[in-house]
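For reference, data-v4.pdb (PDB, C-alpha atoms):
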```pdb
ATOM      1  CA  MET A 247      22.167  23.423 141.108
ATOM      2  CA  SER A 248      24.306  20.369 141.582
ATOM      3  CA  ALA A 249      25.154  17.983 138.769
ATOM      4  CA  SER A 250      23.209  15.179 140.435
ATOM      5  CA  THR A 251      20.036  17.300 140.608
ATOM      6  CA  ARG A 252      20.338  18.292 136.958
ATOM      7  CA  ASP A 253      20.909  14.689 135.904
ATOM      8  CA  THR A 254      17.798  13.290 137.565
ATOM      9  CA  ARG A 255      15.087  15.859 136.787
ATOM     10  CA  PHE A 256      12.125  14.332 135.040
ATOM     11  CA  SER A 257       9.171  15.977 133.265
ATOM     12  CA  GLN A 258       5.710  14.653 132.574
ATOM     13  CA  PHE A 259       3.525  16.299 129.940
ATOM     14  CA  VAL A 260      -0.181  15.766 129.416
ATOM     15  CA  GLU A 261      -1.702  17.358 126.316
ATOM     16  CA  PHE A 262      -5.461  17.657 125.947
ATOM     17  CA  THR A 263      -7.306  18.452 122.729
ATOM     18  CA  VAL A 264     -10.415  20.312 123.781
ATOM     19  CA  ASP A 265     -13.214  22.397 122.312
ATOM     20  CA  VAL A 266     -12.398  26.081 122.687
ATOM     21  CA  LEU A 267     -15.618  26.551 124.679
ATOM     22  CA  HIS A 268     -14.290  24.229 127.423
ATOM     23  CA  MET A 269     -10.614  25.217 127.420
ATOM     24  CA  GLN A 270     -10.710  27.663 130.344
ATOM     25  CA  GLU A 271     -12.719  25.255 132.516
ATOM     26  CA  LEU A 272     -10.124  22.541 131.900
ATOM     27  CA  VAL A 273      -7.254  24.925 132.694
ATOM     28  CA  THR A 274      -8.931  25.873 135.971
ATOM     29  CA  ALA A 275      -9.547  22.207 136.867
ATOM     30  CA  LEU A 276      -5.901  21.260 136.181
ATOM     31  CA  ILE A 277      -4.590  24.160 138.271
ATOM     32  CA  THR A 278      -6.927  23.213 141.128
ATOM     33  CA  ARG A 279      -5.831  19.576 140.967
ATOM     34  CA  ALA A 280      -2.147  20.561 141.007
ATOM     35  CA  LYS A 281      -2.656  22.895 143.981
ATOM     36  CA  GLN A 282      -4.748  20.442 145.996
ATOM     37  CA  PHE A 283      -2.900  17.175 145.302
ATOM     38  CA  THR A 284       0.068  17.094 142.932
ATOM     39  CA  CYS A 285       2.203  19.696 144.699
ATOM     40  CA  PHE A 286       2.180  17.586 147.885
ATOM     41  CA  TYR A 287       3.593  14.435 146.241
ATOM     42  CA  PRO A 288       7.235  13.649 147.111
ATOM     43  CA  GLY A 289       9.728  15.059 144.611
ATOM     44  CA  PHE A 290       7.370  17.672 143.153
ATOM     45  CA  ILE A 291       9.234  20.725 141.833
ATOM     46  CA  SER A 292       6.702  22.641 139.743
ATOM     47  CA  ALA A 293       3.698  22.458 137.449
ATOM     48  CA  GLN A 294       2.707  24.660 134.546
ATOM     49  CA  VAL A 295      -0.483  24.722 132.527
ATOM     50  CA  HIS A 296      -0.341  26.168 129.002
ATOM     51  CA  SER A 297      -3.084  26.868 126.473
ATOM     52  CA  SER A 298      -2.551  27.113 122.730
ATOM     53  CA  ASN A 299      -3.198  30.376 120.919
ATOM     54  CA  GLU A 300      -6.183  28.903 119.114
ATOM     55  CA  GLY A 301      -7.605  27.588 122.418
ATOM     56  CA  GLU A 302      -7.960  23.986 121.271
ATOM     57  CA  ARG A 303      -5.079  22.437 123.210
ATOM     58  CA  VAL A 304      -4.064  22.514 126.843
ATOM     59  CA  LEU A 305      -0.656  21.273 127.990
ATOM     60  CA  MET A 306       0.171  20.463 131.598
ATOM     61  CA  GLU A 307       3.840  20.048 132.496
ATOM     62  CA  VAL A 308       4.951  18.649 135.849
ATOM     63  CA  LEU A 309       8.617  18.663 136.861
ATOM     64  CA  TRP A 310       9.891  16.062 139.343
ATOM     65  CA  SER A 311      13.165  15.563 141.192
ATOM     66  CA  SER A 312      13.548  12.101 139.665
ATOM     67  CA  ARG A 313      11.873   9.567 137.415
ATOM     68  CA  ALA A 314      11.024   7.465 140.479
ATOM     69  CA  ASP A 315       9.178  10.421 142.032
ATOM     70  CA  GLY A 316       7.257  11.021 138.807
ATOM     71  CA  GLU A 317       6.265   7.372 138.481
ATOM     72  CA  HIS A 318       5.244   7.207 142.137
ATOM     73  CA  ALA A 319       3.100  10.315 141.636
ATOM     74  CA  LEU A 320       1.344   8.633 138.695
ATOM     75  CA  GLU A 321       0.406   5.742 140.967
ATOM     76  CA  LEU A 322      -0.845   8.136 143.652
ATOM     77  CA  ALA A 323      -2.778  10.143 141.073
ATOM     78  CA  LYS A 324      -4.863   7.092 140.209
ATOM     79  CA  THR A 325      -6.337   7.253 143.714
ATOM     80  CA  VAL A 326      -7.357  10.930 143.491
ATOM     81  CA  ASP A 327     -10.768  11.934 142.259
ATOM     82  CA  PRO A 328     -11.062  13.316 139.673
ATOM     83  CA  ASP A 329      -8.248  11.606 137.796
ATOM     84  CA  LEU A 330      -6.982  13.020 134.492
ATOM     85  CA  PHE A 331      -9.225  10.769 132.400
ATOM     86  CA  HIS A 332     -12.264  11.967 134.323
ATOM     87  CA  LEU A 333     -11.186  15.604 133.850
ATOM     88  CA  ALA A 334     -10.735  14.978 130.127
ATOM     89  CA  ARG A 335     -14.258  13.529 129.819
ATOM     90  CA  GLN A 336     -15.795  16.172 132.066
ATOM     91  CA  HIS A 337     -14.313  19.011 129.975
ATOM     92  CA  HIS A 338     -15.075  17.382 126.606
ATOM     93  CA  ALA A 339     -11.486  16.669 125.581
ATOM     94  CA  SER A 340     -11.339  14.668 122.373
ATOM     95  CA  ALA A 341      -7.754  13.436 122.860
ATOM     96  CA  LEU A 342      -5.239  12.962 125.655
ATOM     97  CA  LEU A 343      -1.493  12.433 125.107
ATOM     98  CA  PHE A 344       0.998  11.538 127.864
ATOM     99  CA  SER A 345       4.748  12.105 127.369
ATOM    100  CA  THR A 346       7.773  11.904 129.658
ATOM    101  CA  TYR A 347      11.249  13.378 129.285
ATOM    102  CA  HIS A 348      14.569  13.464 131.130
ATOM    103  CA  ALA A 349      16.257  16.847 131.337
ATOM    104  CA  VAL A 350      19.484  16.712 129.336
ATOM    105  CA  ALA A 351      20.368  20.416 129.302
ATOM    106  CA  GLU A 352      19.294  23.694 130.815
ATOM    107  CA  VAL A 353      20.161  27.235 129.768
ATOM    108  CA  ARG A 354      19.599  30.037 132.253
ATOM    109  CA  VAL A 355      20.368  33.714 132.353
ATOM    110  CA  SER A 356      22.247  34.801 135.436
ATOM    111  CA  THR A 357      21.618  38.296 136.710
ATOM    112  CA  ASP A 358      24.807  38.257 138.787
ATOM    113  CA  GLY A 359      27.138  41.082 137.886
ATOM    114  CA  PRO A 360      26.516  44.221 135.859
ATOM    115  CA  MET A 361      26.049  42.499 132.471
ATOM    116  CA  GLY A 362      24.590  39.140 133.461
ATOM    117  CA  SER A 363      25.436  36.006 131.519
ATOM    118  CA  ALA A 364      23.919  32.858 130.111
ATOM    119  CA  GLU A 365      24.838  29.551 131.679
ATOM    120  CA  ALA A 366      24.301  26.156 130.090
ATOM    121  CA  TYR A 367      24.209  22.905 132.007
ATOM    122  CA  GLU A 368      24.415  19.697 130.063
ATOM    123  CA  LYS A 369      24.047  16.138 131.260
ATOM    124  CA  PRO A 370      27.345  14.296 130.703
TER     125      PRO A 370
END
```
With the file now loaded, output its structure as structure tokens.
Amino acid sequence: MSASTRDTRFSQFVEFTVDVLHMQELVTALITRAKQFTCFYPGFISAQVHSSNEGERVLMEVLWSSRADGEHALELAKTVDPDLFHLARQHHASALLFSTYHAVAEVRVSTDGPMGSAEAYEKP
């Protein structure tokens, strides 16, 4: 990974508070939306959907090549039905929290060589 790629990565997080009875339906809807729309937006790298152990929160993380790509995707997402607000209402979410972050460091384990090693990349 080049320094310029590491420096520009941008993450968007959407956390839903949801009744445990509707958690799996929301997870499925978010995965479907990511597969059908989000993954085709320019700059998309990956998406992950997490559920809390107690089943009352769902977190969707989307990683973009740059902040500009992430912001452009937000604009495009407003034109897709169902949008995130609709999904939240449809699956009885009681709260919705949006957060964005720039990647400032990454630690990875390399499997190269007999022992492997950990590598850390930090934004200057």
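With CA of His337 (chain A) on one side and CA of Glu261 (chain A) on the other, the separation reads 13.2 Å.
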Mind pulling up the distance from CA of Glu307 (chain A) to CA of Arg335 (chain A)?
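These atoms are spaced 19.4 Å apart.
Take CA of Arg354 (chain A) and CA of Thr254 (chain A): the distance between them is 17.7 Å.
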My list of candidates is A:Ser356, A:Ser340, A:Gln282, A:Gln270. Which is closest to Ala323 (chain A) when distances are computed with all atoms listed in the file?
A:Gln282
What would the selection look like, as a ChimeraX atom specification, if the PyMOL selection byres ((chain A and resi 284) around 12) were run on the coordinates I just shared?
/A:276-283,285-294,306-310,315-316,318-326,329-330
Can you work out which one of A:Thr346, A:Ser257, A:Thr263, A:Thr357 has the shortest atom-to-atom distance to Glu300 (chain A), counting only C-alpha atoms?
A:Thr263
Taking (-9.8, 20.1, 123.2) as a centre in this file's frame and 12 Å as the limit, can you find every polymer residue with an atom that close, using only C-alpha atoms, and give them as a PyMOL selection string?
chain A and resi 261-273+297-298+300-305+333-343
Adding 4 Å on each side of the box along x, y and z that holds all listed atoms of region 284-287 of chain A, could you give its centre and edge lengths in Å to one decimal, as lines of an AutoDock Vina configuration file?
```
center_x = 1.8
center_y = 17.1
center_z = 145.4
size_x = 11.5
size_y = 13.3
size_z = 13.0
```
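The shortest atom-to-atom distance to Arg255 (chain A), with all atoms listed in the file taken into account, belongs to A:Tyr347 out of A:Asp327, A:Tyr347, A:Asn299, A:His332.
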